[in-house]
$ cat model.pdb   # PDB, C-alpha atoms
ATOM      1  CA  MET A   1      54.049  55.693  28.080  1.00  0.00           C
ATOM      2  CA  LEU A   2      51.788  54.621  25.227  1.00  0.00           C
ATOM      3  CA  VAL A   3      48.221  55.816  24.660  1.00  0.00           C
ATOM      4  CA  TRP A   4      45.810  53.619  22.695  1.00  0.00           C
ATOM      5  CA  SER A   5      42.300  54.473  21.551  1.00  0.00           C
ATOM      6  CA  THR A   6      39.273  52.376  22.490  1.00  0.00           C
ATOM      7  CA  PRO A   7      36.029  51.804  20.556  1.00  0.00           C
ATOM      8  CA  LEU A   8      34.416  54.587  22.647  1.00  0.00           C
ATOM      9  CA  HIS A   9      34.792  58.249  21.698  1.00  0.00           C
ATOM     10  CA  GLN A  10      37.652  59.914  23.641  1.00  0.00           C
ATOM     11  CA  ALA A  11      38.287  56.968  26.007  1.00  0.00           C
ATOM     12  CA  ALA A  12      41.831  55.569  25.980  1.00  0.00           C
ATOM     13  CA  ILE A  13      44.085  52.830  27.322  1.00  0.00           C
ATOM     14  CA  ILE A  14      47.391  53.889  28.859  1.00  0.00           C
ATOM     15  CA  GLU A  15      50.248  51.412  28.735  1.00  0.00           C
ATOM     16  CA  LYS A  16      53.519  51.754  30.588  1.00  0.00           C
ATOM     17  CA  GLU A  17      56.796  51.328  28.689  1.00  0.00           C
ATOM     18  CA  PRO A  18      59.067  49.859  31.346  1.00  0.00           C
ATOM     19  CA  ILE A  19      62.814  50.278  31.178  1.00  0.00           C
ATOM     20  CA  THR A  20      64.182  47.142  32.811  1.00  0.00           C
ATOM     21  CA  ASP A  21      67.495  45.987  34.218  1.00  0.00           C
ATOM     22  CA  ASN A  22      68.647  43.535  36.862  1.00  0.00           C
ATOM     23  CA  ARG A  23      67.075  45.690  39.629  1.00  0.00           C
ATOM     24  CA  GLY A  24      63.557  45.702  38.134  1.00  0.00           C
ATOM     25  CA  TYR A  25      61.982  48.424  36.027  1.00  0.00           C
ATOM     26  CA  PHE A  26      61.142  52.117  35.815  1.00  0.00           C
ATOM     27  CA  ALA A  27      58.127  53.423  33.900  1.00  0.00           C
ATOM     28  CA  ARG A  28      55.994  56.547  33.614  1.00  0.00           C
ATOM     29  CA  SER A  29      52.408  55.904  34.648  1.00  0.00           C
ATOM     30  CA  PHE A  30      51.204  59.482  34.112  1.00  0.00           C
ATOM     31  CA  CYS A  31      52.410  62.362  31.928  1.00  0.00           C
ATOM     32  CA  THR A  32      50.339  65.480  31.284  1.00  0.00           C
ATOM     33  CA  LYS A  33      52.356  66.284  28.149  1.00  0.00           C
ATOM     34  CA  THR A  34      51.868  62.811  26.605  1.00  0.00           C
ATOM     35  CA  LEU A  35      48.150  62.794  27.347  1.00  0.00           C
ATOM     36  CA  ALA A  36      47.713  66.304  25.890  1.00  0.00           C
ATOM     37  CA  ALA A  37      49.522  65.187  22.731  1.00  0.00           C
ATOM     38  CA  HIS A  38      46.762  62.555  22.357  1.00  0.00           C
ATOM     39  CA  GLY A  39      43.980  65.110  22.892  1.00  0.00           C
ATOM     40  CA  LEU A  40      43.483  64.244  26.566  1.00  0.00           C
ATOM     41  CA  PRO A  41      44.159  67.415  28.598  1.00  0.00           C
ATOM     42  CA  PHE A  42      43.849  65.749  32.021  1.00  0.00           C
ATOM     43  CA  HIS A  43      44.246  67.880  35.141  1.00  0.00           C
ATOM     44  CA  MET A  44      44.410  65.793  38.318  1.00  0.00           C
ATOM     45  CA  VAL A  45      43.055  67.259  41.579  1.00  0.00           C
ATOM     46  CA  GLN A  46      42.564  64.142  43.705  1.00  0.00           C
ATOM     47  CA  THR A  47      43.610  60.495  43.908  1.00  0.00           C
ATOM     48  CA  ASN A  48      41.641  57.676  45.511  1.00  0.00           C
ATOM     49  CA  ILE A  49      42.173  54.004  46.293  1.00  0.00           C
ATOM     50  CA  ALA A  50      39.528  51.294  46.612  1.00  0.00           C
ATOM     51  CA  PHE A  51      40.483  47.990  48.212  1.00  0.00           C
ATOM     52  CA  ASN A  52      38.252  44.935  47.757  1.00  0.00           C
ATOM     53  CA  HIS A  53      38.653  41.882  50.026  1.00  0.00           C
ATOM     54  CA  HIS A  54      36.708  39.485  47.846  1.00  0.00           C
ATOM     55  CA  ALA A  55      36.499  38.382  44.246  1.00  0.00           C
ATOM     56  CA  ARG A  56      33.068  39.095  42.695  1.00  0.00           C
ATOM     57  CA  THR A  57      32.879  42.561  44.270  1.00  0.00           C
ATOM     58  CA  LEU A  58      31.084  44.879  41.854  1.00  0.00           C
ATOM     59  CA  ARG A  59      31.248  48.673  42.146  1.00  0.00           C
ATOM     60  CA  GLY A  60      29.470  50.950  39.703  1.00  0.00           C
ATOM     61  CA  MET A  61      28.306  52.335  37.429  1.00  0.00           C
ATOM     62  CA  HIS A  62      29.214  55.798  38.822  1.00  0.00           C
ATOM     63  CA  PHE A  63      29.644  59.358  37.548  1.00  0.00           C
ATOM     64  CA  GLN A  64      29.243  62.933  38.798  1.00  0.00           C
ATOM     65  CA  LEU A  65      26.714  65.451  37.473  1.00  0.00           C
ATOM     66  CA  PRO A  66      27.558  68.999  36.341  1.00  0.00           C
ATOM     67  CA  PRO A  67      29.219  71.163  37.279  1.00  0.00           C
ATOM     68  CA  TYR A  68      31.357  68.441  38.901  1.00  0.00           C
ATOM     69  CA  CYS A  69      31.799  66.054  35.953  1.00  0.00           C
ATOM     70  CA  GLU A  70      35.101  64.245  36.224  1.00  0.00           C
ATOM     71  CA  GLU A  71      37.656  62.504  34.095  1.00  0.00           C
ATOM     72  CA  LYS A  72      39.403  59.493  35.631  1.00  0.00           C
ATOM     73  CA  ILE A  73      42.501  57.442  35.064  1.00  0.00           C
ATOM     74  CA  VAL A  74      42.045  54.064  36.734  1.00  0.00           C
ATOM     75  CA  THR A  75      44.751  51.487  37.416  1.00  0.00           C
ATOM     76  CA  CYS A  76      44.603  48.119  39.149  1.00  0.00           C
ATOM     77  CA  THR A  77      47.570  48.030  41.562  1.00  0.00           C
ATOM     78  CA  GLN A  78      46.886  44.636  43.157  1.00  0.00           C
ATOM     79  CA  GLY A  79      44.952  41.655  41.849  1.00  0.00           C
ATOM     80  CA  THR A  80      42.745  41.635  38.744  1.00  0.00           C
ATOM     81  CA  LEU A  81      39.458  43.274  37.774  1.00  0.00           C
ATOM     82  CA  PHE A  82      37.207  43.736  34.770  1.00  0.00           C
ATOM     83  CA  ASP A  83      36.768  47.489  34.240  1.00  0.00           C
ATOM     84  CA  VAL A  84      33.754  48.907  32.377  1.00  0.00           C
ATOM     85  CA  ILE A  85      32.819  52.338  31.022  1.00  0.00           C
ATOM     86  CA  ILE A  86      29.601  53.567  29.371  1.00  0.00           C
ATOM     87  CA  ASP A  87      29.449  56.657  27.146  1.00  0.00           C
ATOM     88  CA  LEU A  88      26.536  58.754  28.450  1.00  0.00           C
ATOM     89  CA  ASN A  89      27.306  61.848  26.360  1.00  0.00           C
ATOM     90  CA  ARG A  90      24.141  62.229  24.305  1.00  0.00           C
ATOM     91  CA  GLU A  91      25.912  64.001  21.406  1.00  0.00           C
ATOM     92  CA  SER A  92      28.769  61.487  21.249  1.00  0.00           C
ATOM     93  CA  PRO A  93      28.973  59.090  18.272  1.00  0.00           C
ATOM     94  CA  THR A  94      29.272  56.230  20.789  1.00  0.00           C
ATOM     95  CA  PHE A  95      26.433  57.329  23.122  1.00  0.00           C
ATOM     96  CA  GLY A  96      24.967  54.385  25.039  1.00  0.00           C
ATOM     97  CA  LYS A  97      27.829  52.022  24.148  1.00  0.00           C
ATOM     98  CA  TRP A  98      30.003  50.257  26.707  1.00  0.00           C
ATOM     99  CA  TYR A  99      33.595  49.035  26.717  1.00  0.00           C
ATOM    100  CA  GLY A 100      35.347  46.721  29.134  1.00  0.00           C
ATOM    101  CA  LEU A 101      38.837  45.377  29.635  1.00  0.00           C
ATOM    102  CA  THR A 102      40.842  43.480  32.203  1.00  0.00           C
ATOM    103  CA  LEU A 103      43.114  45.602  34.356  1.00  0.00           C
ATOM    104  CA  SER A 104      45.611  43.864  36.613  1.00  0.00           C
ATOM    105  CA  ALA A 105      48.748  44.507  38.593  1.00  0.00           C
ATOM    106  CA  GLU A 106      50.434  42.144  36.130  1.00  0.00           C
ATOM    107  CA  ASN A 107      49.408  43.836  32.851  1.00  0.00           C
ATOM    108  CA  GLY A 108      49.886  47.343  34.287  1.00  0.00           C
ATOM    109  CA  LEU A 109      47.287  48.923  31.982  1.00  0.00           C
ATOM    110  CA  SER A 110      45.279  52.026  32.918  1.00  0.00           C
ATOM    111  CA  LEU A 111      42.005  53.292  31.502  1.00  0.00           C
ATOM    112  CA  TYR A 112      41.300  56.954  30.789  1.00  0.00           C
ATOM    113  CA  VAL A 113      37.604  57.659  31.444  1.00  0.00           C
ATOM    114  CA  PRO A 114      36.295  60.906  29.866  1.00  0.00           C
ATOM    115  CA  LYS A 115      33.743  63.244  31.438  1.00  0.00           C
ATOM    116  CA  GLY A 116      30.189  62.053  30.965  1.00  0.00           C
ATOM    117  CA  PHE A 117      31.085  58.363  31.198  1.00  0.00           C
ATOM    118  CA  ALA A 118      29.814  55.966  33.847  1.00  0.00           C
ATOM    119  CA  HIS A 119      32.513  53.751  35.370  1.00  0.00           C
ATOM    120  CA  GLY A 120      32.485  50.504  37.319  1.00  0.00           C
ATOM    121  CA  TYR A 121      34.249  47.182  37.758  1.00  0.00           C
ATOM    122  CA  VAL A 122      34.024  43.673  39.127  1.00  0.00           C
ATOM    123  CA  THR A 123      36.962  42.066  40.932  1.00  0.00           C
ATOM    124  CA  LEU A 124      38.217  38.775  39.508  1.00  0.00           C
ATOM    125  CA  THR A 125      40.591  37.946  42.389  1.00  0.00           C
ATOM    126  CA  GLU A 126      40.708  38.329  46.150  1.00  0.00           C
ATOM    127  CA  ASN A 127      42.444  41.392  47.633  1.00  0.00           C
ATOM    128  CA  THR A 128      42.162  43.672  44.613  1.00  0.00           C
ATOM    129  CA  SER A 129      43.059  47.370  44.726  1.00  0.00           C
ATOM    130  CA  ILE A 130      42.248  50.082  42.204  1.00  0.00           C
ATOM    131  CA  HIS A 131      43.833  53.537  42.084  1.00  0.00           C
ATOM    132  CA  TYR A 132      41.906  56.519  40.681  1.00  0.00           C
ATOM    133  CA  MET A 133      43.321  59.829  39.499  1.00  0.00           C
ATOM    134  CA  VAL A 134      40.417  62.262  39.085  1.00  0.00           C
ATOM    135  CA  SER A 135      40.026  65.723  37.586  1.00  0.00           C
ATOM    136  CA  GLU A 136      37.345  66.916  40.025  1.00  0.00           C
ATOM    137  CA  TYR A 137      36.841  66.760  43.767  1.00  0.00           C
ATOM    138  CA  TYR A 138      34.363  64.177  45.021  1.00  0.00           C
ATOM    139  CA  THR A 139      31.021  65.945  45.452  1.00  0.00           C
ATOM    140  CA  PRO A 140      28.435  63.642  47.085  1.00  0.00           C
ATOM    141  CA  SER A 141      25.530  65.974  46.219  1.00  0.00           C
ATOM    142  CA  HIS A 142      26.272  65.450  42.489  1.00  0.00           C
ATOM    143  CA  GLU A 143      26.941  61.727  42.584  1.00  0.00           C
ATOM    144  CA  SER A 144      24.871  59.583  40.223  1.00  0.00           C
ATOM    145  CA  GLY A 145      24.905  56.255  38.451  1.00  0.00           C
ATOM    146  CA  VAL A 146      23.277  53.710  36.213  1.00  0.00           C
ATOM    147  CA  ARG A 147      22.561  50.092  37.093  1.00  0.00           C
ATOM    148  CA  TRP A 148      25.356  47.594  36.351  1.00  0.00           C
ATOM    149  CA  ASN A 149      22.942  45.158  34.668  1.00  0.00           C
ATOM    150  CA  ASP A 150      20.609  47.632  32.959  1.00  0.00           C
ATOM    151  CA  PRO A 151      19.398  45.978  29.718  1.00  0.00           C
ATOM    152  CA  ALA A 152      19.707  49.351  27.934  1.00  0.00           C
ATOM    153  CA  PHE A 153      23.481  48.772  27.813  1.00  0.00           C
ATOM    154  CA  GLY A 154      23.816  44.977  27.683  1.00  0.00           C
ATOM    155  CA  ILE A 155      27.182  44.854  29.442  1.00  0.00           C
ATOM    156  CA  GLU A 156      28.784  41.414  29.146  1.00  0.00           C
ATOM    157  CA  TRP A 157      30.249  41.021  32.640  1.00  0.00           C
ATOM    158  CA  PRO A 158      32.561  38.004  33.106  1.00  0.00           C
ATOM    159  CA  LEU A 159      30.846  37.281  36.458  1.00  0.00           C
ATOM    160  CA  THR A 160      27.135  37.770  37.192  1.00  0.00           C
ATOM    161  CA  GLU A 161      26.367  35.327  40.036  1.00  0.00           C
ATOM    162  CA  GLN A 162      27.033  35.681  43.782  1.00  0.00           C
ATOM    163  CA  LEU A 163      28.179  39.299  43.404  1.00  0.00           C
ATOM    164  CA  ILE A 164      28.902  41.569  46.332  1.00  0.00           C
ATOM    165  CA  ILE A 165      27.176  44.893  45.542  1.00  0.00           C
ATOM    166  CA  SER A 166      26.262  47.839  47.751  1.00  0.00           C
ATOM    167  CA  ALA A 167      22.592  48.686  48.300  1.00  0.00           C
ATOM    168  CA  LYS A 168      23.244  52.063  46.643  1.00  0.00           C
ATOM    169  CA  ASP A 169      24.575  50.446  43.460  1.00  0.00           C
ATOM    170  CA  GLU A 170      21.624  48.022  43.320  1.00  0.00           C
ATOM    171  CA  GLN A 171      19.063  50.854  43.445  1.00  0.00           C
ATOM    172  CA  TRP A 172      20.070  52.851  40.331  1.00  0.00           C
ATOM    173  CA  LYS A 173      17.053  53.026  38.007  1.00  0.00           C
ATOM    174  CA  ASP A 174      16.813  51.696  34.454  1.00  0.00           C
ATOM    175  CA  PHE A 175      18.104  54.082  31.804  1.00  0.00           C
ATOM    176  CA  ASN A 176      16.021  54.937  28.740  1.00  0.00           C
ATOM    177  CA  LEU A 177      18.344  55.610  25.790  1.00  0.00           C
ATOM    178  CA  ASN A 178      15.545  57.393  23.926  1.00  0.00           C
ATOM    179  CA  VAL A 179      14.553  59.735  26.752  1.00  0.00           C
ATOM    180  CA  ASP A 180      17.185  60.111  29.436  1.00  0.00           C
ATOM    181  CA  GLY A 181      19.673  62.871  28.784  1.00  0.00           C
ATOM    182  CA  MET A 182      22.989  62.616  30.553  1.00  0.00           C
ATOM    183  CA  VAL A 183      26.169  64.520  31.119  1.00  0.00           C
ATOM    184  CA  LEU A 184      27.997  65.975  28.158  1.00  0.00           C
ATOM    185  CA  SER A 185      31.743  66.480  28.344  1.00  0.00           C
ATOM    186  CA  GLU A 186      31.138  70.231  28.365  1.00  0.00           C
ATOM    187  CA  GLY A 187      29.228  69.790  31.610  1.00  0.00           C
ATOM    188  CA  VAL A 188      25.719  70.369  30.241  1.00  0.00           C
ATOM    189  CA  VAL A 189      22.784  68.104  31.055  1.00  0.00           C
ATOM    190  CA  HIS A 190      20.393  67.403  28.200  1.00  0.00           C
ATOM    191  CA  GLY A 191      17.104  65.751  28.910  1.00  0.00           C
TER     192      GLY A 191
END
$ encode --input "model.pdb" --output "structure tokens"
Amino acid sequence: MLVWSTPLHQAAIIEKEPITDNRGYFARSFCTKTLAAHGLPFHMVQTNIAFNHHARTLRGMHFQLPPYCEEKIVTCTQGTLFDVIIDLNRESPTFGKWYGLTLSAENGLSLYVPKGFAHGYVTLTENTSIHYMVSEYYTPSHESGVRWNDPAFGIEWPLTEQLIISAKDEQWKDFNLNVDGMVLSEGVVHG
């Protein structure tokens, strides 16, 4: 298993190193020891799956507020999607910046999402599934988000027309980078 840095502080790409033979392949998709060696002490408490019937389905940009901030490792297990994260840690050197990459069943990449980051994606193919490993239990009372097309972030989505988006994801308010304080990785809200 290989761990690659991204342009955003503490976020990482995880790549499998398959061992192949005539039967197929074997590869580690998660290893606490390897992640810790890269400064990512991830402790999984829950896994989730989201299945999307249609291409152009957009989910995001989600995160949980303290004390239930969560890290995630996300993997596309079927189909293809464009995965996006935003660093909302006010004291981070990459605060307010976004990063996106294509995750697919074919490329087998995973994205490590640190605490204090918003996460979302848009499906590029029909019948797309995404698997989440998370470090905190889902806590609806502490669920929050930022709007997928908020001009404060300027995310360059590969698809922007005829999207399928939930009413909840459409209603997130605009974010003010100069005023709004968000979740820090230590679980403190600054505002």
$ resolve_selection --input "model.pdb" --expression "the PyMOL selection byres ((chain A and resi 76-91) around 8)" --output "ChimeraX atom specification"
/A:8-9,61,74-75,92-106,108-110,113,116-131,153,157-158,181-185,190
$ write_last_selection --input "model.pdb" --atoms "C-alpha atoms" --output "PDB file, in the coordinates of the input"
ATOM      1  CA  LEU A   8      34.416  54.587  22.647  1.00  0.00           C
ATOM      2  CA  HIS A   9      34.792  58.249  21.698  1.00  0.00           C
ATOM      3  CA  MET A  61      28.306  52.335  37.429  1.00  0.00           C
ATOM      4  CA  VAL A  74      42.045  54.064  36.734  1.00  0.00           C
ATOM      5  CA  THR A  75      44.751  51.487  37.416  1.00  0.00           C
ATOM      6  CA  SER A  92      28.769  61.487  21.249  1.00  0.00           C
ATOM      7  CA  PRO A  93      28.973  59.090  18.272  1.00  0.00           C
ATOM      8  CA  THR A  94      29.272  56.230  20.789  1.00  0.00           C
ATOM      9  CA  PHE A  95      26.433  57.329  23.122  1.00  0.00           C
ATOM     10  CA  GLY A  96      24.967  54.385  25.039  1.00  0.00           C
ATOM     11  CA  LYS A  97      27.829  52.022  24.148  1.00  0.00           C
ATOM     12  CA  TRP A  98      30.003  50.257  26.707  1.00  0.00           C
ATOM     13  CA  TYR A  99      33.595  49.035  26.717  1.00  0.00           C
ATOM     14  CA  GLY A 100      35.347  46.721  29.134  1.00  0.00           C
ATOM     15  CA  LEU A 101      38.837  45.377  29.635  1.00  0.00           C
ATOM     16  CA  THR A 102      40.842  43.480  32.203  1.00  0.00           C
ATOM     17  CA  LEU A 103      43.114  45.602  34.356  1.00  0.00           C
ATOM     18  CA  SER A 104      45.611  43.864  36.613  1.00  0.00           C
ATOM     19  CA  ALA A 105      48.748  44.507  38.593  1.00  0.00           C
ATOM     20  CA  GLU A 106      50.434  42.144  36.130  1.00  0.00           C
ATOM     21  CA  GLY A 108      49.886  47.343  34.287  1.00  0.00           C
ATOM     22  CA  LEU A 109      47.287  48.923  31.982  1.00  0.00           C
ATOM     23  CA  SER A 110      45.279  52.026  32.918  1.00  0.00           C
ATOM     24  CA  VAL A 113      37.604  57.659  31.444  1.00  0.00           C
ATOM     25  CA  GLY A 116      30.189  62.053  30.965  1.00  0.00           C
ATOM     26  CA  PHE A 117      31.085  58.363  31.198  1.00  0.00           C
ATOM     27  CA  ALA A 118      29.814  55.966  33.847  1.00  0.00           C
ATOM     28  CA  HIS A 119      32.513  53.751  35.370  1.00  0.00           C
ATOM     29  CA  GLY A 120      32.485  50.504  37.319  1.00  0.00           C
ATOM     30  CA  TYR A 121      34.249  47.182  37.758  1.00  0.00           C
ATOM     31  CA  VAL A 122      34.024  43.673  39.127  1.00  0.00           C
ATOM     32  CA  THR A 123      36.962  42.066  40.932  1.00  0.00           C
ATOM     33  CA  LEU A 124      38.217  38.775  39.508  1.00  0.00           C
ATOM     34  CA  THR A 125      40.591  37.946  42.389  1.00  0.00           C
ATOM     35  CA  GLU A 126      40.708  38.329  46.150  1.00  0.00           C
ATOM     36  CA  ASN A 127      42.444  41.392  47.633  1.00  0.00           C
ATOM     37  CA  THR A 128      42.162  43.672  44.613  1.00  0.00           C
ATOM     38  CA  SER A 129      43.059  47.370  44.726  1.00  0.00           C
ATOM     39  CA  ILE A 130      42.248  50.082  42.204  1.00  0.00           C
ATOM     40  CA  HIS A 131      43.833  53.537  42.084  1.00  0.00           C
ATOM     41  CA  PHE A 153      23.481  48.772  27.813  1.00  0.00           C
ATOM     42  CA  TRP A 157      30.249  41.021  32.640  1.00  0.00           C
ATOM     43  CA  PRO A 158      32.561  38.004  33.106  1.00  0.00           C
ATOM     44  CA  GLY A 181      19.673  62.871  28.784  1.00  0.00           C
ATOM     45  CA  MET A 182      22.989  62.616  30.553  1.00  0.00           C
ATOM     46  CA  VAL A 183      26.169  64.520  31.119  1.00  0.00           C
ATOM     47  CA  LEU A 184      27.997  65.975  28.158  1.00  0.00           C
ATOM     48  CA  SER A 185      31.743  66.480  28.344  1.00  0.00           C
ATOM     49  CA  HIS A 190      20.393  67.403  28.200  1.00  0.00           C
TER      50      HIS A 190
END
$ closest_residue --input "model.pdb" --among "A:Glu161, A:Glu71, A:His62, A:Leu111" --to "Gly145 in chain A" --atoms "all atoms listed in the file"
A:His62
$ resolve_selection --input "model.pdb" --expression "the PyMOL selection byres ((chain A and resi 65-67) around 6)" --output "ChimeraX atom specification"
/A:64,68-69,142,187
$ residues_around --input "model.pdb" --residues "Ala12 in chain A" --least-positions-apart "4" --cutoff "7 Å" --atoms "only C-alpha atoms" --output "ChimeraX atom specification"
/A:3-6,111-112
$ atom_distance --input "model.pdb" --atom1 "CA of Trp172 in chain A" --atom2 "CA of Met133 in chain A"
24.3 Å
$ atom_distance --input "model.pdb" --atom1 "CA of Pro7 in chain A" --atom2 "CA of Ile155 in chain A"
14.3 Å
$ residues_near_point --input "model.pdb" --point "(41.2, 61.5, 38.3)" --cutoff "8 Å" --atoms "only C-alpha atoms" --output "count of residues only"
15
$ atom_distance --input "model.pdb" --atom1 "CA of Ala27 in chain A" --atom2 "CA of Glu15 in chain A"
9.6 Å
$ residues_around --input "model.pdb" --residues "Lys33 in chain A" --least-positions-apart "5" --cutoff "12 Å" --atoms "only C-alpha atoms" --output "PyMOL selection string"
chain A and resi 1+3+28+38-43
$ decode --input "model.pdb" --residues "range 8-16 of chain A" --atoms "all heavy atoms" --output "PDB file, in the first residue's frame"
ATOM      1  N   LEU A   8      -3.274  19.535  -0.328  1.00  0.00           N
ATOM      2  CA  LEU A   8      -3.895  20.005   0.907  1.00  0.00           C
ATOM      3  C   LEU A   8      -3.227  19.400   2.125  1.00  0.00           C
ATOM      4  O   LEU A   8      -2.909  18.203   2.149  1.00  0.00           O
ATOM      5  CB  LEU A   8      -5.392  19.701   0.925  1.00  0.00           C
ATOM      6  CG  LEU A   8      -6.217  20.340  -0.184  1.00  0.00           C
ATOM      7  CD1 LEU A   8      -7.698  20.101   0.059  1.00  0.00           C
ATOM      8  CD2 LEU A   8      -5.931  21.822  -0.321  1.00  0.00           C
ATOM      9  N   HIS A   9      -3.052  20.208   3.149  1.00  0.00           N
ATOM     10  CA  HIS A   9      -2.378  19.829   4.387  1.00  0.00           C
ATOM     11  C   HIS A   9      -3.033  18.595   5.008  1.00  0.00           C
ATOM     12  O   HIS A   9      -4.224  18.604   5.299  1.00  0.00           O
ATOM     13  CB  HIS A   9      -2.416  21.006   5.360  1.00  0.00           C
ATOM     14  CG  HIS A   9      -1.689  20.779   6.634  1.00  0.00           C
ATOM     15  ND1 HIS A   9      -0.333  20.574   6.687  1.00  0.00           N
ATOM     16  CD2 HIS A   9      -2.131  20.725   7.909  1.00  0.00           C
ATOM     17  CE1 HIS A   9       0.035  20.409   7.937  1.00  0.00           C
ATOM     18  NE2 HIS A   9      -1.049  20.494   8.707  1.00  0.00           N
ATOM     19  N   GLN A  10      -2.272  17.545   5.187  1.00  0.00           N
ATOM     20  CA  GLN A  10      -2.623  16.288   5.847  1.00  0.00           C
ATOM     21  C   GLN A  10      -3.511  15.359   5.031  1.00  0.00           C
ATOM     22  O   GLN A  10      -3.731  14.230   5.430  1.00  0.00           O
ATOM     23  CB  GLN A  10      -3.266  16.537   7.215  1.00  0.00           C
ATOM     24  CG  GLN A  10      -2.333  17.210   8.189  1.00  0.00           C
ATOM     25  CD  GLN A  10      -2.980  17.414   9.549  1.00  0.00           C
ATOM     26  OE1 GLN A  10      -4.189  17.635   9.664  1.00  0.00           O
ATOM     27  NE2 GLN A  10      -2.165  17.345  10.588  1.00  0.00           N
ATOM     28  N   ALA A  11      -4.061  15.766   3.910  1.00  0.00           N
ATOM     29  CA  ALA A  11      -4.860  14.876   3.075  1.00  0.00           C
ATOM     30  C   ALA A  11      -3.919  13.992   2.259  1.00  0.00           C
ATOM     31  O   ALA A  11      -2.803  14.396   1.934  1.00  0.00           O
ATOM     32  CB  ALA A  11      -5.773  15.670   2.151  1.00  0.00           C
ATOM     33  N   ALA A  12      -4.369  12.776   1.928  1.00  0.00           N
ATOM     34  CA  ALA A  12      -3.484  11.833   1.239  1.00  0.00           C
ATOM     35  C   ALA A  12      -4.262  10.925   0.294  1.00  0.00           C
ATOM     36  O   ALA A  12      -5.453  10.678   0.484  1.00  0.00           O
ATOM     37  CB  ALA A  12      -2.732  10.986   2.254  1.00  0.00           C
ATOM     38  N   ILE A  13      -3.551  10.431  -0.713  1.00  0.00           N
ATOM     39  CA  ILE A  13      -4.075   9.422  -1.629  1.00  0.00           C
ATOM     40  C   ILE A  13      -3.476   8.086  -1.218  1.00  0.00           C
ATOM     41  O   ILE A  13      -2.278   7.994  -0.933  1.00  0.00           O
ATOM     42  CB  ILE A  13      -3.691   9.739  -3.087  1.00  0.00           C
ATOM     43  CG1 ILE A  13      -4.296  11.074  -3.501  1.00  0.00           C
ATOM     44  CG2 ILE A  13      -4.132   8.616  -4.027  1.00  0.00           C
ATOM     45  CD1 ILE A  13      -3.764  11.605  -4.817  1.00  0.00           C
ATOM     46  N   ILE A  14      -4.306   7.066  -1.188  1.00  0.00           N
ATOM     47  CA  ILE A  14      -3.850   5.712  -0.862  1.00  0.00           C
ATOM     48  C   ILE A  14      -3.972   4.870  -2.126  1.00  0.00           C
ATOM     49  O   ILE A  14      -5.031   4.829  -2.754  1.00  0.00           O
ATOM     50  CB  ILE A  14      -4.692   5.106   0.276  1.00  0.00           C
ATOM     51  CG1 ILE A  14      -4.568   5.981   1.535  1.00  0.00           C
ATOM     52  CG2 ILE A  14      -4.271   3.671   0.557  1.00  0.00           C
ATOM     53  CD1 ILE A  14      -5.559   5.654   2.621  1.00  0.00           C
ATOM     54  N   GLU A  15      -2.864   4.229  -2.474  1.00  0.00           N
ATOM     55  CA  GLU A  15      -2.839   3.403  -3.683  1.00  0.00           C
ATOM     56  C   GLU A  15      -2.506   1.970  -3.308  1.00  0.00           C
ATOM     57  O   GLU A  15      -1.571   1.714  -2.550  1.00  0.00           O
ATOM     58  CB  GLU A  15      -1.782   3.942  -4.657  1.00  0.00           C
ATOM     59  CG  GLU A  15      -1.697   3.183  -5.944  1.00  0.00           C
ATOM     60  CD  GLU A  15      -0.635   3.731  -6.889  1.00  0.00           C
ATOM     61  OE1 GLU A  15       0.004   4.752  -6.563  1.00  0.00           O
ATOM     62  OE2 GLU A  15      -0.434   3.119  -7.952  1.00  0.00           O
ATOM     63  N   LYS A  16      -3.285   1.050  -3.831  1.00  0.00           N
ATOM     64  CA  LYS A  16      -3.010  -0.366  -3.592  1.00  0.00           C
ATOM     65  C   LYS A  16      -1.797  -0.806  -4.404  1.00  0.00           C
ATOM     66  O   LYS A  16      -1.540  -0.272  -5.476  1.00  0.00           O
ATOM     67  CB  LYS A  16      -4.218  -1.218  -3.979  1.00  0.00           C
ATOM     68  CG  LYS A  16      -5.431  -0.994  -3.102  1.00  0.00           C
ATOM     69  CD  LYS A  16      -6.554  -1.934  -3.472  1.00  0.00           C
ATOM     70  CE  LYS A  16      -7.314  -1.356  -4.594  1.00  0.00           C
ATOM     71  NZ  LYS A  16      -8.693  -1.323  -4.632  1.00  0.00           N
TER      72      LYS A  16
END
